[in-house]
Amino acid sequence: MHILVINCGSSSIKAAVVQSQSGEVAATLDVERLAPNDAAEALMSINGAEPSSVPADEHAGALEFALPKLIDALDDGVELQGVGHRVVHGGRRFDRPVFINDEVEQTIEELIPLAPLHNPANLAGIRAAKSLLGDIPHVAVFDTAFHRTLPNRAKAYAIPPEVAEEHQIERFGFHGVSHQYVAGKAAEYFRADVRDLRLITCHLGNGCSLAAVEYGRSIETSMGMTPLEGLVMGTRSGDIDPGAIINLLRQEGWDADRVDDLLNRESGLAGLSGVGNDMRDIEQRASEGDERCRMAIQVFAHRVRKYIGAYAAVMGGVDAVIFTGGIGQNSALMRHRISQRLEFLGARLDEDKNRAVSVGRQNPVASFSAEPSRCHLLAVATDEQHGIASQVSSLIMKRHCPTDTERTIPIAISARHVHLTQETVEQLFGEGHELTPYKPLSQPGQFASEEMVTLVGPKAEIERVRVLGPTRSNNQVEIARTDEFKLGIDAPVRGSGDVENTPGITLRGPEGEASLEKGLICALRHIHMTPEDAKAFGVNDGDFVEVAVRGGERDLTFGDVLIRVSPNYKLEMHLDTDEGNAAHLGRSAEGVLVSTEGEAAIQRRRTRFDSAAE
Ligand code: ADP
């Protein structure tokens, strides 16, 4: 599939038509020097030809002018099937690529405060390309998305959570497309599943970041809320004591713009070396004895090695350390400096192999560790355009699947609770008593009531168990497996309403006790949905499906999930507390349940189940 990949930087546009499987590039467009109010005119080049001027100084105008020329330059027979837009910041909202609609555009706009230079350019590119190529799907691929799997302890900075929440101060991480791509290439090289590997990916280009990719998911990364944190970069400082900045602001009278310039544009390799940000020049001068350049190299390598050690500790081991980006792929000296003292991880450098490394599209992976090494050292050619094109094409292909595999299912954890008949309500709470609604539940018409009862089992009692309303024609007590052990009664796993041949239990209320003959169950996990939802997911009432919970620290696939369809339902999966805890889910619906992606989809395992109606 041919995909047009568009990457609008703050003052440039890079676009390419890429074959999504092979990564082969059919045509390229480069526009530079886009800067409103700048006297110098913008220049564009198609397929690397001599640059020519562009009669526009901003992204939209430049794309309107240049895109038709790029498309004209395509060979006959190359047909565009989608457009992939690289978007720098997806905030908390985007953890995967998405088709761009008005709502997605608006969210990207709302995220501008998090990426003030990049998201506006990305958005301008999206809008211009959509108006020129309106009849093919446009997909946003986010630099931050791959890192949404970071556990909260890695995302959080140690500041009061109210402040973090209000100002969205958390670790987002960047370069996600590259980290994901090279991790995938390494897995291909090992002929292994990326879900079986612990990898440290080092993207060392102009911007630099590391990621700890544990079993296919990013669990730590060195860039933070912004791309300024972490490693030494071309012109960015990476880690610095925030106290130093406070001093500059307070004692030296600097303002935010001055600090911004210092840390983003005057620091890093350029600042340390004094000769610019190009590692080739710095290496050359260092070899000629330039002290500042030597220092720049040492600080750069030390920082990377420090992070590698930290990430090995975070994952408890490493199968491979991967070097990518202009420096990681091309600088044997830097790979040597960084990896020469990693033997304690089981990574032993083979200097001859390191010097011979040459990676590119044809030969994307080269190992430079000595055999045998417990931990491999790899150089991998990153290809973000190819990464974006393949993410876009798989999303487009999934769209043609009969089932809706992308849609997420909100999850609710049901704590133990009871449903009562009016007669039992009166036994427990007094004659003529009616349940008092305390708060509505997500399923229309259902509510948690003020009333609570005590469950009296042979072994122990459980107090303060909520009664749900409205009253029903049968009593039903829903508990989790842990409660069964505590009470000393075995409860069968049943669908709601299916209480024949279930054990009874005694309930105690403020006005009396009720000994139920039956009704104690462990609820069958289930999903409520409307007929429209069922159609979209390709399932029927009574089907049993599997649902995977993704993106947390304890991914889990639940089998034996019953589908319950009614026009009165709202889409929601219900689990009990034991199940929720097993998957590390929050108690409320804030956790999102994802149907098993792609190959697994929502898998129908059995069909038709005679579930008794509620
Ligand atoms: P970007 O992050 O802008 O995509 P790149 O990944 O192209 O940047 O990396 C640019 C960096 O790679 C520059 O510092 C450049 O000096 C460095 N680089 C490229 N080739 C070599 C090389 N042969 N030896 C050392 N450094 C190199």
# chains A, B, ... in the order shown; residues from 1 in each chain; ligands from 1
call {"tool": "closest_atom_pairs", "arguments": {"of": "chain A", "to": "ligand 1", "cutoff": "7 Å", "atoms": "only C-alpha atoms and all ligand atoms", "output": "Markdown table"}}
result
| residue | atom | partner | partner_atom_place_in_ligand_line | distance |
| --- | --- | --- | --- | --- |
| A:Leu204 | CA | ligand 1 | 6 (O) | 6.4 |
| A:Gly205 | CA | ligand 1 | 9 (O) | 3.3 |
| A:Asn206 | CA | ligand 1 | 2 (O) | 3.7 |
| A:Gly207 | CA | ligand 1 | 2 (O) | 4.7 |
| A:Gly234 | CA | ligand 1 | 14 (O) | 6.0 |
| A:Asn277 | CA | ligand 1 | 14 (O) | 5.7 |
| A:Asp278 | CA | ligand 1 | 16 (O) | 3.5 |
| A:Met279 | CA | ligand 1 | 16 (O) | 3.6 |
| A:Arg280 | CA | ligand 1 | 25 (C) | 4.3 |
| A:Gly325 | CA | ligand 1 | 6 (O) | 3.8 |
| A:Gly326 | CA | ligand 1 | 9 (O) | 3.3 |
| A:Ile327 | CA | ligand 1 | 12 (O) | 4.1 |
| A:Asn330 | CA | ligand 1 | 23 (N) | 4.3 |
| A:Ser331 | CA | ligand 1 | 24 (N) | 4.1 |
call {"tool": "write_last_selection", "arguments": {"atoms": "C-alpha atoms", "output": "CSV table (one decimal), in the first residue's frame"}}
result
chain,number,residue,atom,x,y,z
A,204,LEU,CA,20.8,9.1,19.2
A,205,GLY,CA,20.2,11.8,16.5
A,206,ASN,CA,19.9,15.5,16.9
A,207,GLY,CA,17.3,14.8,19.5
A,234,GLY,CA,22.5,18.4,19.5
A,277,ASN,CA,26.0,20.2,17.0
A,278,ASP,CA,27.4,17.9,14.3
A,279,MET,CA,29.0,14.9,16.0
A,280,ARG,CA,31.2,14.3,13.0
A,325,GLY,CA,19.6,7.6,14.9
A,326,GLY,CA,22.4,9.5,13.0
A,327,ILE,CA,24.9,9.0,15.9
A,330,ASN,CA,27.0,5.9,12.2
A,331,SER,CA,29.4,6.6,15.0
call {"tool": "residues_around", "arguments": {"residues": "Pro458 (chain A)", "least_positions_apart": "5", "cutoff": "8 Å", "atoms": "only C-alpha atoms", "output": "NGL selection string"}}
result
:A and (487-489)
call {"tool": "write_last_selection", "arguments": {"atoms": "C-alpha atoms", "output": "PDB file, in the first residue's frame"}}
result
ATOM      1  CA  LEU A 487     -17.833 -16.289  54.402  1.00  0.00           C
ATOM      2  CA  GLY A 488     -17.199 -20.020  54.110  1.00  0.00           C
ATOM      3  CA  ILE A 489     -19.722 -20.634  51.321  1.00  0.00           C
TER       4      ILE A 489
END
call {"tool": "residues_around", "arguments": {"residues": "Glu351 (chain A)", "least_positions_apart": "2", "cutoff": "8 Å", "atoms": "only C-alpha atoms", "output": "short mmCIF file (atom, residue, chain, number, x, y, z; two decimals) with all heavy atoms, in the first residue's frame"}}
result
data_model
loop_
_atom_site.label_atom_id
_atom_site.label_comp_id
_atom_site.auth_asym_id
_atom_site.auth_seq_id
_atom_site.Cartn_x
_atom_site.Cartn_y
_atom_site.Cartn_z
N HIS A 336 31.20 2.55 20.79
CA HIS A 336 32.29 1.96 21.58
C HIS A 336 32.32 2.56 22.99
O HIS A 336 32.35 1.87 23.99
CB HIS A 336 33.62 2.19 20.87
CG HIS A 336 34.81 1.80 21.68
ND1 HIS A 336 35.41 0.58 21.54
CD2 HIS A 336 35.47 2.46 22.67
CE1 HIS A 336 36.41 0.50 22.42
NE2 HIS A 336 36.47 1.63 23.10
N LEU A 349 31.41 -6.13 23.92
CA LEU A 349 31.61 -5.47 22.64
C LEU A 349 32.64 -6.21 21.78
O LEU A 349 33.69 -6.61 22.28
CB LEU A 349 32.12 -4.05 22.94
CG LEU A 349 32.52 -3.17 21.78
CD1 LEU A 349 31.30 -2.59 21.12
CD2 LEU A 349 33.41 -2.04 22.28
N LYS A 353 33.66 -5.94 14.83
CA LYS A 353 32.28 -5.88 14.30
C LYS A 353 31.74 -4.46 14.43
O LYS A 353 31.04 -3.98 13.55
CB LYS A 353 31.37 -6.82 15.11
CG LYS A 353 31.49 -8.29 14.79
CD LYS A 353 30.28 -8.97 15.43
CE LYS A 353 30.49 -10.43 15.66
NZ LYS A 353 29.47 -10.98 16.55
N ASN A 354 32.06 -3.81 15.52
CA ASN A 354 31.56 -2.45 15.73
C ASN A 354 32.05 -1.53 14.62
O ASN A 354 31.28 -0.76 14.05
CB ASN A 354 31.99 -1.92 17.10
CG ASN A 354 31.48 -0.51 17.36
OD1 ASN A 354 30.34 -0.20 17.00
ND2 ASN A 354 32.30 0.33 17.95
N ARG A 355 33.33 -1.64 14.29
CA ARG A 355 33.87 -0.76 13.25
C ARG A 355 33.28 -1.08 11.88
O ARG A 355 33.15 -0.22 11.04
CB ARG A 355 35.40 -0.87 13.22
CG ARG A 355 36.03 0.27 13.99
CD ARG A 355 37.54 0.32 13.84
NE ARG A 355 38.16 -0.07 15.09
CZ ARG A 355 38.88 -1.17 15.28
NH1 ARG A 355 39.13 -1.98 14.28
NH2 ARG A 355 39.38 -1.44 16.46
N PHE A 368 26.96 -6.09 17.03
CA PHE A 368 28.39 -5.87 17.27
C PHE A 368 28.81 -6.35 18.64
O PHE A 368 29.79 -5.88 19.21
CB PHE A 368 28.79 -4.40 17.02
CG PHE A 368 28.09 -3.39 17.88
CD1 PHE A 368 28.70 -2.90 19.03
CD2 PHE A 368 26.84 -2.90 17.53
CE1 PHE A 368 28.08 -1.94 19.82
CE2 PHE A 368 26.20 -1.95 18.32
CZ PHE A 368 26.82 -1.47 19.47
#
call {"tool": "closest_residue", "arguments": {"among": "A:Gln298, A:Gly238, A:His175, A:Ala26", "to": "Asn47 (chain A)", "atoms": "only C-alpha atoms"}}
result
A:Ala26
call {"tool": "closest_residue", "arguments": {"among": "A:Leu263, A:Asp196, A:Arg93, A:Leu441", "to": "Leu248 (chain A)", "atoms": "only C-alpha atoms"}}
result
A:Leu263
call {"tool": "select_by_dssp", "arguments": {"residues": "region 504-547 of chain A", "states": "strand (DSSP E or B)", "output": "PyMOL selection string"}}
result
chain A and resi 505-509+512-516+520-523+526-529+544-547
call {"tool": "write_last_selection", "arguments": {"atoms": "N, CA and C atoms", "output": "mmCIF file, in the first residue's frame"}}
result
data_model
loop_
_atom_site.group_PDB
_atom_site.id
_atom_site.type_symbol
_atom_site.label_atom_id
_atom_site.label_comp_id
_atom_site.auth_asym_id
_atom_site.auth_seq_id
_atom_site.Cartn_x
_atom_site.Cartn_y
_atom_site.Cartn_z
ATOM 1 N N ILE A 505 -28.079 -17.634 51.802
ATOM 2 C CA ILE A 505 -27.232 -16.940 52.782
ATOM 3 C C ILE A 505 -28.154 -16.106 53.670
ATOM 4 N N THR A 506 -27.683 -15.815 54.862
ATOM 5 C CA THR A 506 -28.485 -14.959 55.754
ATOM 6 C C THR A 506 -28.044 -13.506 55.605
ATOM 7 N N LEU A 507 -29.041 -12.621 55.501
ATOM 8 C CA LEU A 507 -28.755 -11.184 55.433
ATOM 9 C C LEU A 507 -29.256 -10.547 56.721
ATOM 10 N N ARG A 508 -28.489 -9.580 57.232
ATOM 11 C CA ARG A 508 -28.954 -8.862 58.416
ATOM 12 C C ARG A 508 -29.098 -7.380 58.095
ATOM 13 N N GLY A 509 -30.273 -6.855 58.434
ATOM 14 C CA GLY A 509 -30.496 -5.429 58.243
ATOM 15 C C GLY A 509 -30.780 -4.801 59.590
ATOM 16 N N GLY A 512 -34.094 -6.461 60.995
ATOM 17 C CA GLY A 512 -34.330 -7.903 61.039
ATOM 18 C C GLY A 512 -33.405 -8.673 60.124
ATOM 19 N N GLU A 513 -33.572 -9.977 60.149
ATOM 20 C CA GLU A 513 -32.742 -10.855 59.323
ATOM 21 C C GLU A 513 -33.603 -11.535 58.276
ATOM 22 N N ALA A 514 -32.969 -11.926 57.172
ATOM 23 C CA ALA A 514 -33.680 -12.706 56.155
ATOM 24 C C ALA A 514 -32.780 -13.854 55.771
ATOM 25 N N SER A 515 -33.297 -15.080 55.872
ATOM 26 C CA SER A 515 -32.509 -16.233 55.454
ATOM 27 C C SER A 515 -32.920 -16.607 54.049
ATOM 28 N N LEU A 516 -32.061 -16.298 53.099
ATOM 29 C CA LEU A 516 -32.402 -16.597 51.707
ATOM 30 C C LEU A 516 -32.107 -18.070 51.439
ATOM 31 N N LEU A 520 -27.066 -16.804 46.149
ATOM 32 C CA LEU A 520 -25.677 -16.363 46.300
ATOM 33 C C LEU A 520 -24.886 -16.786 45.061
ATOM 34 N N ILE A 521 -24.365 -15.816 44.334
ATOM 35 C CA ILE A 521 -23.605 -16.129 43.114
ATOM 36 C C ILE A 521 -22.323 -15.296 43.020
ATOM 37 N N CYS A 522 -21.435 -15.806 42.185
ATOM 38 C CA CYS A 522 -20.246 -15.071 41.766
ATOM 39 C C CYS A 522 -20.603 -14.679 40.327
ATOM 40 N N ALA A 523 -20.695 -13.381 40.037
ATOM 41 C CA ALA A 523 -21.282 -12.997 38.742
ATOM 42 C C ALA A 523 -20.388 -13.389 37.567
ATOM 43 N N HIS A 526 -19.371 -10.029 32.201
ATOM 44 C CA HIS A 526 -20.248 -9.772 31.064
ATOM 45 C C HIS A 526 -20.072 -8.363 30.519
ATOM 46 N N ILE A 527 -20.557 -8.187 29.293
ATOM 47 C CA ILE A 527 -20.531 -6.853 28.674
ATOM 48 C C ILE A 527 -21.966 -6.477 28.324
ATOM 49 N N HIS A 528 -22.401 -5.344 28.812
ATOM 50 C CA HIS A 528 -23.690 -4.791 28.402
ATOM 51 C C HIS A 528 -23.478 -4.023 27.108
ATOM 52 N N MET A 529 -24.359 -4.208 26.157
ATOM 53 C CA MET A 529 -24.265 -3.386 24.946
ATOM 54 C C MET A 529 -25.597 -3.267 24.235
ATOM 55 N N PHE A 544 -20.236 -15.860 23.922
ATOM 56 C CA PHE A 544 -19.109 -15.713 24.847
ATOM 57 C C PHE A 544 -17.905 -15.219 24.064
ATOM 58 N N VAL A 545 -17.242 -14.233 24.593
ATOM 59 C CA VAL A 545 -16.102 -13.656 23.875
ATOM 60 C C VAL A 545 -14.893 -13.576 24.805
ATOM 61 N N GLU A 546 -13.762 -13.222 24.217
ATOM 62 C CA GLU A 546 -12.574 -12.932 25.020
ATOM 63 C C GLU A 546 -12.283 -11.443 24.907
ATOM 64 N N VAL A 547 -11.851 -10.865 25.984
ATOM 65 C CA VAL A 547 -11.524 -9.447 25.954
ATOM 66 C C VAL A 547 -10.176 -9.241 26.632
#
call {"tool": "closest_residue", "arguments": {"among": "A:Gly276, A:Gly360, A:Pro160, A:Pro510", "to": "Glu431 (chain A)", "atoms": "only C-alpha atoms"}}
result
A:Pro510
call {"tool": "residues_around", "arguments": {"residues": "region 475-481 of chain A", "least_positions_apart": "5", "cutoff": "7 Å", "atoms": "only C-alpha atoms", "output": "list in words"}}
result
Arg416, His417, Val418, His419, Leu420, Thr421, Gly519, Leu520, Ile521, Cys522, Ala523, Asp576, Thr577 and Asp578 of chain A
call {"tool": "write_last_selection", "arguments": {"atoms": "C-alpha atoms", "output": "compact mmCIF listing (two decimals), in the first residue's frame"}}
result
# COMPACT_ATOMS: atom_id res chain seq x y z
CA ARG A 416 -20.06 -7.07 46.18
CA HIS A 417 -23.73 -6.11 46.25
CA VAL A 418 -27.26 -7.44 46.68
CA HIS A 419 -30.47 -7.20 44.70
CA LEU A 420 -33.61 -7.69 46.83
CA THR A 421 -37.32 -8.31 46.42
CA GLY A 519 -29.38 -16.43 45.34
CA LEU A 520 -25.68 -16.36 46.30
CA ILE A 521 -23.60 -16.13 43.11
CA CYS A 522 -20.25 -15.07 41.77
CA ALA A 523 -21.28 -13.00 38.74
CA ASP A 576 -15.85 -8.19 40.11
CA THR A 577 -13.20 -6.84 42.45
CA ASP A 578 -10.99 -9.92 42.31
call {"tool": "residues_around", "arguments": {"residues": "Pro242 (chain A)", "least_positions_apart": "5", "cutoff": "12 Å", "atoms": "only C-alpha atoms", "output": "MDAnalysis selection string"}}
result
chainID A and resid 229 237 247:249 259 263
call {"tool": "write_last_selection", "arguments": {"atoms": "N, CA, C and O atoms", "output": "mmCIF file, in the first residue's frame"}}
result
data_model
loop_
_atom_site.group_PDB
_atom_site.id
_atom_site.type_symbol
_atom_site.label_atom_id
_atom_site.label_comp_id
_atom_site.auth_asym_id
_atom_site.auth_seq_id
_atom_site.Cartn_x
_atom_site.Cartn_y
_atom_site.Cartn_z
ATOM 1 N N GLU A 229 14.091 16.805 28.488
ATOM 2 C CA GLU A 229 14.685 16.022 29.575
ATOM 3 C C GLU A 229 15.561 14.875 29.055
ATOM 4 O O GLU A 229 15.367 14.390 27.947
ATOM 5 N N SER A 237 20.071 20.577 26.437
ATOM 6 C CA SER A 237 20.911 20.179 27.577
ATOM 7 C C SER A 237 20.582 18.791 28.111
ATOM 8 O O SER A 237 21.432 18.146 28.698
ATOM 9 N N ASN A 247 17.763 29.725 39.982
ATOM 10 C CA ASN A 247 18.789 30.744 40.250
ATOM 11 C C ASN A 247 18.915 31.750 39.121
ATOM 12 O O ASN A 247 19.022 32.950 39.348
ATOM 13 N N LEU A 248 18.922 31.244 37.866
ATOM 14 C CA LEU A 248 19.048 32.160 36.726
ATOM 15 C C LEU A 248 17.872 33.132 36.689
ATOM 16 O O LEU A 248 18.028 34.317 36.403
ATOM 17 N N LEU A 249 16.689 32.602 36.963
ATOM 18 C CA LEU A 249 15.502 33.457 36.920
ATOM 19 C C LEU A 249 15.528 34.475 38.055
ATOM 20 O O LEU A 249 15.265 35.656 37.855
ATOM 21 N N VAL A 259 15.950 31.483 29.183
ATOM 22 C CA VAL A 259 16.230 30.120 29.660
ATOM 23 C C VAL A 259 15.919 29.111 28.548
ATOM 24 O O VAL A 259 16.668 28.161 28.320
ATOM 25 N N LEU A 263 18.635 26.404 27.133
ATOM 26 C CA LEU A 263 18.516 24.955 27.305
ATOM 27 C C LEU A 263 18.134 24.222 26.025
ATOM 28 O O LEU A 263 18.501 23.064 25.843
#
call {"tool": "select_by_dssp", "arguments": {"residues": "region 111-179 of chain A", "states": "alpha helix (DSSP H)", "output": "ChimeraX atom specification"}}
result
/A:118-132,152-155,161-167,176-179
call {"tool": "closest_atom_pairs", "arguments": {"of": "region 353-383 of chain A", "to": "region 312-324 of chain A", "cutoff": "6 Å", "atoms": "only C-alpha atoms", "output": "Markdown table"}}
result
| residue | atom | partner | partner_atom | distance |
| --- | --- | --- | --- | --- |
| A:Cys375 | CA | A:Asp319 | CA | 4.6 |
| A:His376 | CA | A:Ala320 | CA | 4.4 |
| A:Leu377 | CA | A:Val321 | CA | 5.1 |
| A:Leu378 | CA | A:Ile322 | CA | 4.8 |
| A:Ala379 | CA | A:Phe323 | CA | 4.7 |
| A:Val380 | CA | A:Thr324 | CA | 5.4 |
| A:Ala381 | CA | A:Thr324 | CA | 5.9 |
call {"tool": "residues_around", "arguments": {"residues": "Ala56 (chain A)", "least_positions_apart": "6", "cutoff": "12 Å", "atoms": "only C-alpha atoms", "output": "ChimeraX atom specification"}}
result
/A:11,31-44,62-66
call {"tool": "closest_residue", "arguments": {"among": "A:Val359, A:Leu342, A:Val232, A:Cys208", "to": "Gln329 (chain A)", "atoms": "only C-alpha atoms"}}
result
A:Val359
call {"tool": "residues_around", "arguments": {"residues": "Ser222 (chain A)", "least_positions_apart": "3", "cutoff": "6 Å", "atoms": "only C-alpha atoms", "output": "PyMOL selection string"}}
result
chain A and resi 209-210+230
call {"tool": "write_last_selection", "arguments": {"atoms": "all heavy atoms", "output": "PDB file, in the first residue's frame"}}
result
ATOM      1  N   SER A 209      16.932  10.126  22.808  1.00  0.00           N
ATOM      2  CA  SER A 209      16.196   9.566  23.944  1.00  0.00           C
ATOM      3  C   SER A 209      16.401   8.068  24.018  1.00  0.00           C
ATOM      4  O   SER A 209      16.723   7.417  23.021  1.00  0.00           O
ATOM      5  CB  SER A 209      14.704   9.896  23.855  1.00  0.00           C
ATOM      6  OG  SER A 209      14.083   9.189  22.810  1.00  0.00           O
ATOM      7  N   LEU A 210      16.219   7.540  25.230  1.00  0.00           N
ATOM      8  CA  LEU A 210      16.266   6.096  25.445  1.00  0.00           C
ATOM      9  C   LEU A 210      14.880   5.620  25.830  1.00  0.00           C
ATOM     10  O   LEU A 210      14.105   6.372  26.410  1.00  0.00           O
ATOM     11  CB  LEU A 210      17.164   5.768  26.641  1.00  0.00           C
ATOM     12  CG  LEU A 210      18.574   5.287  26.345  1.00  0.00           C
ATOM     13  CD1 LEU A 210      19.412   6.501  26.049  1.00  0.00           C
ATOM     14  CD2 LEU A 210      19.119   4.517  27.522  1.00  0.00           C
ATOM     15  N   GLY A 230      16.484  14.446  29.878  1.00  0.00           N
ATOM     16  CA  GLY A 230      17.190  13.201  29.609  1.00  0.00           C
ATOM     17  C   GLY A 230      18.597  13.382  29.084  1.00  0.00           C
ATOM     18  O   GLY A 230      19.446  14.006  29.718  1.00  0.00           O
TER      19      GLY A 230
END
call {"tool": "closest_atom_pairs", "arguments": {"of": "region 144-229 of chain A", "to": "region 85-89 of chain A", "cutoff": "9 Å", "atoms": "only C-alpha atoms", "output": "CSV"}}
result
residue,atom,partner,partner_atom,distance
A:Thr144,CA,A:His89,CA,5.8
A:Ala145,CA,A:His89,CA,8.3
A:Phe172,CA,A:His89,CA,8.4
A:Phe174,CA,A:Val88,CA,7.5
A:His175,CA,A:Val88,CA,8.5
call {"tool": "closest_residue", "arguments": {"among": "A:Lys459, A:Ala156, A:Arg472, A:Arg464", "to": "Glu484 (chain A)", "atoms": "only C-alpha atoms"}}
result
A:Lys459
call {"tool": "closest_residue", "arguments": {"among": "A:Arg250, A:Ala412, A:Pro151, A:Leu228", "to": "Gly580 (chain A)", "atoms": "only C-alpha atoms"}}
result
A:Ala412
